[in-house]
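J.: File coords37.cif below, mmCIF, C-alpha atoms and all ligand atoms:
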data_protein
#
loop_
_atom_site.label_atom_id
_atom_site.label_comp_id
_atom_site.auth_asym_id
_atom_site.auth_seq_id
_atom_site.Cartn_x
_atom_site.Cartn_y
_atom_site.Cartn_z
CA MET A 1 123.53 107.40 79.04
CA ASN A 2 125.02 104.44 77.20
CA ILE A 3 127.04 106.78 75.07
CA CYS A 4 129.16 107.47 78.16
CA SER A 5 130.31 103.87 78.44
CA ARG A 6 134.01 103.43 79.10
CA SER A 7 134.89 102.18 75.62
CA LEU A 8 133.43 105.25 73.99
CA CYS A 9 134.96 107.78 76.35
CA ASN A 10 138.34 106.10 75.91
CA PHE A 11 138.01 106.40 72.15
CA THR A 12 141.20 107.91 70.74
CA SER A 13 139.76 110.40 68.27
CA CYS A 14 140.09 113.83 69.82
CA THR A 15 136.91 115.35 68.40
CA ILE A 16 134.79 112.43 69.36
CA LEU A 17 136.29 112.38 72.83
CA ILE A 18 135.41 116.04 73.39
CA LEU A 19 131.96 115.54 71.96
CA PHE A 20 131.28 112.64 74.23
CA SER A 21 132.83 114.28 77.29
CA LEU A 22 130.46 117.17 76.80
CA SER A 23 127.48 114.88 76.76
CA CYS A 24 128.90 113.05 79.77
CA PHE A 25 129.09 116.29 81.71
CA SER A 26 125.62 117.36 80.77
CA PHE A 27 124.35 114.06 82.12
CA SER A 28 126.40 114.27 85.28
CA SER A 29 124.52 117.35 86.47
CA SER A 30 121.27 115.38 86.46
CA GLU A 31 122.54 112.43 88.42
CA ALA A 32 122.50 112.94 92.14
CA LEU A 33 119.38 115.04 92.08
CA ASP A 34 116.61 115.02 89.58
CA ALA A 35 117.29 117.94 87.21
CA LEU A 36 113.70 117.87 86.07
CA ASP A 37 112.33 118.37 89.59
CA PRO A 38 115.17 119.26 91.96
CA ASN A 39 112.84 120.10 94.86
CA GLY A 40 110.02 117.73 94.09
CA ASN A 41 108.88 114.68 95.99
CA ILE A 42 106.03 112.25 96.29
CA THR A 43 104.52 112.27 99.77
CA ILE A 44 102.56 109.31 101.09
CA ARG A 45 100.31 110.28 103.97
CA TRP A 46 98.62 107.77 106.26
CA ASP A 47 95.61 109.12 108.12
CA VAL A 48 94.27 106.79 110.80
CA MET A 49 90.56 107.58 110.60
CA ILE A 50 89.23 105.22 113.27
CA TRP A 51 90.62 102.70 115.68
CA THR A 52 89.05 99.25 115.37
CA PRO A 53 88.91 96.39 117.91
CA ASP A 54 92.19 94.96 116.61
CA GLY A 55 93.80 97.82 114.73
CA TYR A 56 92.71 100.75 112.63
CA MET A 57 91.27 101.96 109.38
CA ALA A 58 93.51 104.34 107.44
CA VAL A 59 93.28 106.36 104.26
CA VAL A 60 96.60 106.44 102.41
CA THR A 61 97.07 109.44 100.10
CA MET A 62 99.90 109.68 97.62
CA SER A 63 100.55 113.24 96.42
CA ASN A 64 102.88 114.09 93.57
CA PHE A 65 104.63 117.37 94.49
CA GLN A 66 106.75 117.28 91.36
CA LYS A 67 106.21 119.90 88.71
CA TYR A 68 107.08 117.80 85.71
CA ARG A 69 107.70 114.19 86.66
CA HIS A 70 104.58 112.07 86.47
CA ILE A 71 103.95 108.35 86.94
CA PRO A 72 102.98 106.78 83.63
CA ALA A 73 101.15 103.49 83.01
CA PRO A 74 101.35 100.78 84.26
CA GLY A 75 101.51 102.99 87.32
CA TRP A 76 102.83 103.01 90.85
CA THR A 77 103.64 100.06 93.06
CA LEU A 78 103.88 100.82 96.76
CA GLY A 79 105.52 98.51 99.27
CA TRP A 80 106.37 98.53 102.98
CA THR A 81 107.27 96.15 105.79
CA TRP A 82 104.97 95.86 108.79
CA ALA A 83 106.59 96.60 112.15
CA LYS A 84 104.88 93.67 113.88
CA LYS A 85 102.43 91.01 112.74
CA GLU A 86 99.89 93.30 111.11
CA VAL A 87 97.56 92.05 108.39
CA ILE A 88 95.34 93.86 105.90
CA TRP A 89 91.76 92.81 106.58
CA SER A 90 90.37 94.71 103.64
CA ILE A 91 91.33 97.37 101.17
CA PHE A 92 89.37 99.74 98.93
CA GLY A 93 90.66 101.54 95.86
CA SER A 94 93.72 99.34 95.46
CA GLN A 95 94.83 95.79 96.11
CA ALA A 96 97.74 93.80 97.46
CA THR A 97 99.34 91.77 94.70
CA GLU A 98 99.70 88.72 96.96
CA GLN A 99 97.61 87.34 99.80
CA GLY A 100 100.50 85.50 101.40
CA ASP A 101 100.08 82.86 104.10
CA CYS A 102 96.80 83.43 105.94
CA SER A 103 96.49 79.78 107.01
CA LYS A 104 96.18 80.62 110.71
CA PHE A 105 92.90 82.47 110.10
CA LYS A 106 89.52 80.76 110.23
CA GLY A 107 86.30 82.30 108.99
CA ASN A 108 87.29 85.86 108.16
CA VAL A 109 90.44 85.65 106.08
CA PRO A 110 92.50 88.83 105.56
CA HIS A 111 93.05 90.39 102.17
CA SER A 112 96.81 90.05 102.75
CA CYS A 113 98.99 88.48 105.45
CA LYS A 114 102.29 89.39 103.79
CA LYS A 115 104.92 90.90 106.07
CA ASP A 116 105.92 93.14 103.16
CA PRO A 117 102.79 93.76 101.11
CA THR A 118 102.94 95.20 97.61
CA ILE A 119 100.04 97.47 96.71
CA VAL A 120 98.85 98.47 93.25
CA ASP A 121 96.04 100.78 92.22
CA LEU A 122 92.80 99.43 90.78
CA LEU A 123 92.03 100.09 87.14
CA PRO A 124 89.53 102.72 86.01
CA GLY A 125 86.11 101.12 85.94
CA ALA A 126 86.65 99.08 89.11
CA PRO A 127 83.34 98.11 90.78
CA TYR A 128 81.83 101.07 92.67
CA ASN A 129 81.80 99.18 95.95
CA GLN A 130 85.61 98.89 95.76
CA GLN A 131 86.29 102.54 94.99
CA ILE A 132 87.13 105.56 97.16
CA ALA A 133 87.80 109.17 96.13
CA ASN A 134 90.96 109.58 94.02
CA CYS A 135 91.42 105.85 93.50
CA CYS A 136 91.39 103.60 90.55
CA LYS A 137 93.50 105.35 87.92
CA GLY A 138 95.62 102.34 87.13
CA GLY A 139 98.42 103.86 89.22
CA VAL A 140 98.90 106.81 86.90
CA LEU A 141 99.77 110.04 88.74
CA GLY A 142 99.86 113.45 87.04
CA SER A 143 102.48 116.13 87.63
CA LEU A 144 101.61 119.48 89.21
CA SER A 145 102.16 121.48 86.05
CA HIS A 146 100.55 119.13 83.53
CA ASP A 147 97.75 117.31 85.32
CA PRO A 148 97.27 118.67 88.86
CA GLU A 149 93.80 117.13 89.23
CA ASN A 150 95.35 113.71 88.87
CA ALA A 151 98.41 114.36 91.03
CA VAL A 152 96.75 112.56 93.96
CA SER A 153 96.01 108.88 94.40
CA ALA A 154 94.35 107.31 97.44
CA PHE A 155 93.21 104.04 98.93
CA GLN A 156 91.75 102.88 102.22
CA LEU A 157 92.84 99.91 104.25
CA SER A 158 91.71 98.19 107.40
CA VAL A 159 94.67 96.89 109.40
CA GLY A 160 94.39 94.12 111.99
CA LEU A 161 96.68 92.66 114.66
CA ALA A 162 97.94 96.21 115.11
CA GLY A 163 98.08 98.79 117.86
CA THR A 164 94.75 100.40 118.68
CA THR A 165 95.94 103.70 120.18
CA ASN A 166 98.46 106.31 119.10
CA LYS A 167 100.78 104.90 121.79
CA THR A 168 100.67 101.27 120.70
CA VAL A 169 100.42 101.55 116.94
CA ARG A 170 103.67 100.99 115.05
CA VAL A 171 104.32 102.80 111.79
CA PRO A 172 105.25 100.60 108.83
CA LYS A 173 108.88 100.55 107.71
CA LYS A 174 111.00 100.34 104.56
CA PHE A 175 108.66 102.03 102.12
CA THR A 176 109.37 101.46 98.44
CA LEU A 177 107.85 103.15 95.42
CA LYS A 178 108.17 102.03 91.83
CA ALA A 179 106.82 104.43 89.26
CA PRO A 180 106.61 102.08 87.45
CA ARG A 181 110.39 101.51 87.47
CA PRO A 182 112.73 101.92 90.45
CA GLY A 183 114.26 105.38 90.91
CA TYR A 184 112.53 106.69 94.01
CA THR A 185 114.03 106.48 97.48
CA CYS A 186 111.58 106.72 100.37
CA GLY A 187 112.49 108.00 103.81
CA PRO A 188 111.12 106.68 107.11
CA ALA A 189 107.52 107.31 108.14
CA LYS A 190 107.30 110.36 110.41
CA VAL A 191 104.42 111.02 112.76
CA VAL A 192 103.07 114.49 111.96
CA LYS A 193 100.18 116.63 113.16
CA PRO A 194 96.88 114.87 112.51
CA THR A 195 95.33 115.95 109.21
CA LYS A 196 92.22 118.13 109.47
CA PHE A 197 89.27 117.50 107.23
CA TYR A 198 86.52 119.99 106.48
CA THR A 199 82.99 119.09 105.54
CA LYS A 200 81.92 120.29 102.11
CA ASP A 201 80.25 123.41 103.52
CA ARG A 202 83.38 123.96 105.71
CA ARG A 203 81.18 124.42 108.77
CA ARG A 204 82.61 121.45 110.59
CA MET A 205 86.12 120.10 110.90
CA THR A 206 87.16 116.61 111.89
CA GLN A 207 90.65 115.27 112.28
CA ALA A 208 92.56 112.06 111.86
CA MET A 209 93.30 110.02 115.00
CA MET A 210 96.92 109.96 113.94
CA THR A 211 98.89 110.82 110.80
CA TRP A 212 102.27 109.85 109.46
CA ASN A 213 104.06 110.95 106.28
CA VAL A 214 106.60 109.25 104.09
CA THR A 215 108.54 111.26 101.50
CA CYS A 216 109.95 109.65 98.38
CA ILE A 217 112.46 111.46 96.19
CA TYR A 218 113.46 110.65 92.66
CA SER A 219 117.17 110.10 92.20
CA VAL A 220 119.24 108.07 89.84
CA LYS A 221 122.49 106.36 90.76
CA PRO A 222 125.58 108.40 89.78
CA LYS A 223 127.20 105.69 87.65
CA VAL A 224 128.57 107.96 84.91
CA HIS A 225 129.94 110.47 87.37
CA LYS A 226 132.07 107.88 89.15
CA MET A 227 133.49 106.60 85.89
CA LEU A 228 134.52 110.07 84.77
CA LYS A 229 136.19 110.88 88.08
CA GLY A 230 137.75 107.49 88.58
C1 LIG B 301 107.92 117.76 99.48
O1 LIG B 301 107.42 118.74 98.60
C2 LIG B 301 106.51 119.67 99.21
C3 LIG B 301 105.97 120.57 98.14
O2 LIG B 301 106.97 121.14 97.37
C4 LIG B 301 107.27 120.44 100.29
O3 LIG B 301 106.38 121.32 100.94
C5 LIG B 301 107.84 119.46 101.29
O4 LIG B 301 108.62 120.15 102.23
C6 LIG B 301 108.70 118.41 100.61
N1 LIG B 301 109.09 117.44 101.59
C7 LIG B 301 110.36 117.08 101.75
C8 LIG B 301 110.63 116.12 102.85
O5 LIG B 301 111.25 117.48 101.02
C1 LIG B 302 102.42 115.46 105.09
O1 LIG B 302 101.98 115.28 103.76
C2 LIG B 302 100.99 116.19 103.31
C3 LIG B 302 100.66 115.83 101.88
O2 LIG B 302 100.08 114.59 101.78
C4 LIG B 302 101.48 117.61 103.38
O3 LIG B 302 100.44 118.49 103.04
C5 LIG B 302 101.96 117.89 104.78
O4 LIG B 302 102.53 119.16 104.81
C6 LIG B 302 102.98 116.86 105.23
N1 LIG B 302 103.36 117.14 106.60
C7 LIG B 302 104.61 117.23 106.96
C8 LIG B 302 104.84 117.62 108.37
O5 LIG B 302 105.54 116.99 106.19
C1 LIG B 303 98.11 110.73 121.17
O1 LIG B 303 96.86 111.03 121.76
C2 LIG B 303 96.95 111.90 122.85
C3 LIG B 303 95.58 111.99 123.47
O2 LIG B 303 94.57 112.09 122.52
C4 LIG B 303 97.47 113.23 122.36
O3 LIG B 303 97.58 114.14 123.42
C5 LIG B 303 98.85 113.01 121.72
O4 LIG B 303 99.31 114.23 121.18
C6 LIG B 303 98.75 111.99 120.64
N1 LIG B 303 100.09 111.69 120.12
C7 LIG B 303 100.34 111.60 118.83
C8 LIG B 303 101.74 111.22 118.49
O5 LIG B 303 99.51 111.78 117.96
#
Represent the structure contained in this file as structure tokens.
T.:
Amino acid sequence: MNICSRSLCNFTSCTILILFSLSCFSFSSSEALDALDPNGNITIRWDVMIWTPDGYMAVVTMSNFQKYRHIPAPGWTLGWTWAKKEVIWSIFGSQATEQGDCSKFKGNVPHSCKKDPTIVDLLPGAPYNQQIANCCKGGVLGSLSHDPENAVSAFQLSVGLAGTTNKTVRVPKKFTLKAPRPGYTCGPAKVVKPTKFYTKDRRRMTQAMMTWNVTCIYSVKPKVHKMLKG
């Protein structure tokens, strides 16, 4: 992309100008949308599995619906801002990078009191008692065409000081996803139909108490495009 810098495109030699304009145009088609995966997205689904005395326990599942774009090491970093004064009592399969200020708690101290927690996956080989299904891949997420088995990542968190019914719970806001660099834009969390889960023998179905989805789309800022037009 650097080859499209102003000094080069203003270069007086005709041949070089044409050569570089061509490469500028070929880049411009990939700017607004991701040319690699124009219809792809990463969906983050929160399934509230049980209500607890002061909040809920949720399983958060991140699914890569992109054919080709994967998340390489050192992996994803997921962030959000709590709507109220929620805290994370405990978390399995991932961890918050900072505990934040939990000084008002005595005895049981939350895993994180940050208003805007930042979550990272655990590494492979994390202790068994901290794992859940699809966790602990160091944040690496496969693409659908190359590594579909690893296109899903999940963790479980217990949230306190939160609503305890589907009427009082507040969905988190301002989701961010780094993979591992910025580039994804996440939409607002939307309450959707509760996810249904089948037992292994598929003879019984249970469902989440409540489910919300967040969709993140890869896009890069159209810097080059503006320069060419302006
Ligand atoms: C995300 O991708 C999936 C799979 O391609 C698709 O079903 C879904 O509609 C997409 N979501 C959005 C918000 O684009
Ligand atoms: C929510 O996300 C899941 C994937 O995690 C997807 O299967 C489902 O279709 C999504 N629901 C809606 C309404 O977007
Ligand atoms: C909340 O729960 C009630 C009763 O179980 C149900 O009828 C309603 O559809 C739920 N609302 C949402 C947004 O899940």
J.: Taking 3 positions as the minimum chain separation for residues in the same chain, which residues sit within 9 Å of segment 103-110 of chain A when counting all atoms listed in the file? Answer as a count of residues only.
T.: 8
J.: Find the residues near Pro124 of chain A: any atom within 7 Å, counting all atoms listed in the file, skip ones fewer than 5 places away on the same chain, and give them as a ChimeraX atom specification.
T.: /A:136-138
J.: Would you compute the distance between atom CA of Val220 of chain A and atom CA of Asp37 of chain A? Give it in Å to one decimal.
T.: 12.4 Å
J.: Collect all residues with atoms no farther than 7 Å from ligand LIG 302 (chain B), counting only C-alpha atoms and all ligand atoms, and output them as a PyMOL selection string.
T.: chain A and resi 43-45+61-63+192-193+213
J.: What is the atom CA of Val60 of chain A-atom CA of Trp46 of chain A distance in Å, reported with one decimal?
T.: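 Separation between atom CA of Val60 of chain A and atom CA of Trp46 of chain A: 4.5 Å.
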J.: If you count only C-alpha atoms, which residues fall within 7 Å of segment 174-183 of chain A, apart from same-chain ones fewer than 4 positions away, as JSON, numbers by chain?
T.: {"A": [71, 74, 75, 76, 77, 78, 79, 80, 81, 188, 218, 219, 220]}
J.: From the options A:Asn64, A:Ser153, A:Ser145, A:Asn166, which residue's atoms come nearest to ligand LIG 303 (chain B), counting only C-alpha atoms and all ligand atoms?
T.: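 Nearest to ligand LIG 303 (chain B): A:Asn166.
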J.: Would you tabulate, counting only C-alpha atoms and all ligand atoms, all residues of chain A that have an atom at most 8 Å from an atom of ligand LIG 303 (chain B), showing the closest pair of atoms and their distance in Å to one decimal, sorted by chain then ascending number, as a tab-separated table?
T.:
residue	atom	partner	partner_atom	distance
A:Thr165	CA	B:LIG303	C1	7.4
A:Asn166	CA	B:LIG303	C1	4.9
A:Lys167	CA	B:LIG303	C1	6.4
A:Val191	CA	B:LIG303	C8	6.3
A:Val192	CA	B:LIG303	C8	7.4
A:Lys193	CA	B:LIG303	O5	6.9
A:Pro194	CA	B:LIG303	O5	6.8
A:Met209	CA	B:LIG303	O5	7.1
A:Met210	CA	B:LIG303	O5	5.1
A:Thr211	CA	B:LIG303	O5	7.3
J.: How about saving the chosen residues, C-alpha atoms kept, as a PDB file, in the frame of the given file?
T.:
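The resulting result_38.pdb:
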ATOM      1  CA  THR A 165      95.940 103.700 120.180  1.00  0.00           C
ATOM      2  CA  ASN A 166      98.460 106.310 119.100  1.00  0.00           C
ATOM      3  CA  LYS A 167     100.780 104.900 121.790  1.00  0.00           C
ATOM      4  CA  VAL A 191     104.420 111.020 112.760  1.00  0.00           C
ATOM      5  CA  VAL A 192     103.070 114.490 111.960  1.00  0.00           C
ATOM      6  CA  LYS A 193     100.180 116.630 113.160  1.00  0.00           C
ATOM      7  CA  PRO A 194      96.880 114.870 112.510  1.00  0.00           C
ATOM      8  CA  MET A 209      93.300 110.020 115.000  1.00  0.00           C
ATOM      9  CA  MET A 210      96.920 109.960 113.940  1.00  0.00           C
ATOM     10  CA  THR A 211      98.890 110.820 110.800  1.00  0.00           C
TER      11      THR A 211
END
J.: May I have the residues within 9 Å of Ile50 of chain A as a ChimeraX atom specification, using all atoms listed in the file and disregarding those fewer than 3 positions away in the same chain?
T.: /A:55-58,208-209
J.: Counting all atoms listed in the file, name the residues that have an atom within 8 Å of an atom of ligand LIG 301 (chain B); the answer should be given as an NGL selection string.
T.: :A and (39-43 or 65-66 or 215-217)
J.: Quick check, in Å to one decimal: how far apart do atom CA of Asp54 of chain A and atom CA of Thr199 of chain A lie?
T.: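 Computing the Euclidean distance for atom CA of Asp54 of chain A and atom CA of Thr199 of chain A yields 28.1 Å.
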J.: Point out the residue among A:Tyr128, A:Trp212, A:Tyr184, A:Phe92 with the least atom-to-atom distance to Ala154 of chain A, counting all atoms listed in the file.
T.: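 Using all atoms listed in the file, the shortest distance to Ala154 of chain A belongs to A:Phe92.
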J.: With N, CA, C and O atoms as the goal, would you fill in the gaps in segment 123-136 of chain A and present it as an mmCIF file, in the coordinates of the input?
T.:
data_model
loop_
_atom_site.group_PDB
_atom_site.id
_atom_site.type_symbol
_atom_site.label_atom_id
_atom_site.label_comp_id
_atom_site.auth_asym_id
_atom_site.auth_seq_id
_atom_site.Cartn_x
_atom_site.Cartn_y
_atom_site.Cartn_z
ATOM 1 N N LEU A 123 92.160 99.482 88.468
ATOM 2 C CA LEU A 123 92.030 100.090 87.140
ATOM 3 C C LEU A 123 90.779 100.955 87.093
ATOM 4 O O LEU A 123 89.847 100.749 87.868
ATOM 5 N N PRO A 124 90.767 101.942 86.186
ATOM 6 C CA PRO A 124 89.530 102.720 86.010
ATOM 7 C C PRO A 124 88.397 101.735 85.694
ATOM 8 O O PRO A 124 88.615 100.731 85.021
ATOM 9 N N GLY A 125 87.224 102.023 86.203
ATOM 10 C CA GLY A 125 86.110 101.120 85.940
ATOM 11 C C GLY A 125 86.013 99.992 86.947
ATOM 12 O O GLY A 125 85.244 99.052 86.755
ATOM 13 N N ALA A 126 86.780 100.074 88.034
ATOM 14 C CA ALA A 126 86.650 99.080 89.110
ATOM 15 C C ALA A 126 85.231 99.173 89.683
ATOM 16 O O ALA A 126 84.614 100.235 89.619
ATOM 17 N N PRO A 127 84.704 98.067 90.224
ATOM 18 C CA PRO A 127 83.340 98.110 90.780
ATOM 19 C C PRO A 127 83.200 99.247 91.800
ATOM 20 O O PRO A 127 84.126 99.511 92.574
ATOM 21 N N TYR A 128 82.036 99.915 91.787
ATOM 22 C CA TYR A 128 81.830 101.070 92.670
ATOM 23 C C TYR A 128 82.058 100.727 94.125
ATOM 24 O O TYR A 128 82.587 101.530 94.883
ATOM 25 N N ASN A 129 81.663 99.518 94.536
ATOM 26 C CA ASN A 129 81.800 99.180 95.950
ATOM 27 C C ASN A 129 83.254 98.915 96.351
ATOM 28 O O ASN A 129 83.536 98.607 97.499
ATOM 29 N N GLN A 130 84.184 99.025 95.405
ATOM 30 C CA GLN A 130 85.610 98.890 95.760
ATOM 31 C C GLN A 130 86.361 100.214 95.602
ATOM 32 O O GLN A 130 87.570 100.270 95.763
ATOM 33 N N GLN A 131 85.628 101.265 95.253
ATOM 34 C CA GLN A 131 86.290 102.540 94.990
ATOM 35 C C GLN A 131 86.252 103.483 96.200
ATOM 36 O O GLN A 131 85.373 103.366 97.042
ATOM 37 N N ILE A 132 87.228 104.392 96.277
ATOM 38 C CA ILE A 132 87.130 105.560 97.160
ATOM 39 C C ILE A 132 87.558 106.772 96.322
ATOM 40 O O ILE A 132 88.055 106.596 95.196
ATOM 41 N N ALA A 133 87.408 107.972 96.872
ATOM 42 C CA ALA A 133 87.800 109.170 96.130
ATOM 43 C C ALA A 133 89.271 109.095 95.744
ATOM 44 O O ALA A 133 90.108 108.648 96.537
ATOM 45 N N ASN A 134 89.590 109.525 94.534
ATOM 46 C CA ASN A 134 90.960 109.580 94.020
ATOM 47 C C ASN A 134 91.622 108.215 93.794
ATOM 48 O O ASN A 134 92.836 108.129 93.678
ATOM 49 N N CYS A 135 90.823 107.177 93.767
ATOM 50 C CA CYS A 135 91.420 105.850 93.500
ATOM 51 C C CYS A 135 91.291 105.503 92.034
ATOM 52 O O CYS A 135 90.755 106.277 91.239
ATOM 53 N N CYS A 136 91.782 104.337 91.743
ATOM 54 C CA CYS A 136 91.390 103.600 90.550
ATOM 55 C C CYS A 136 91.746 104.314 89.246
ATOM 56 O O CYS A 136 90.897 104.524 88.384
#
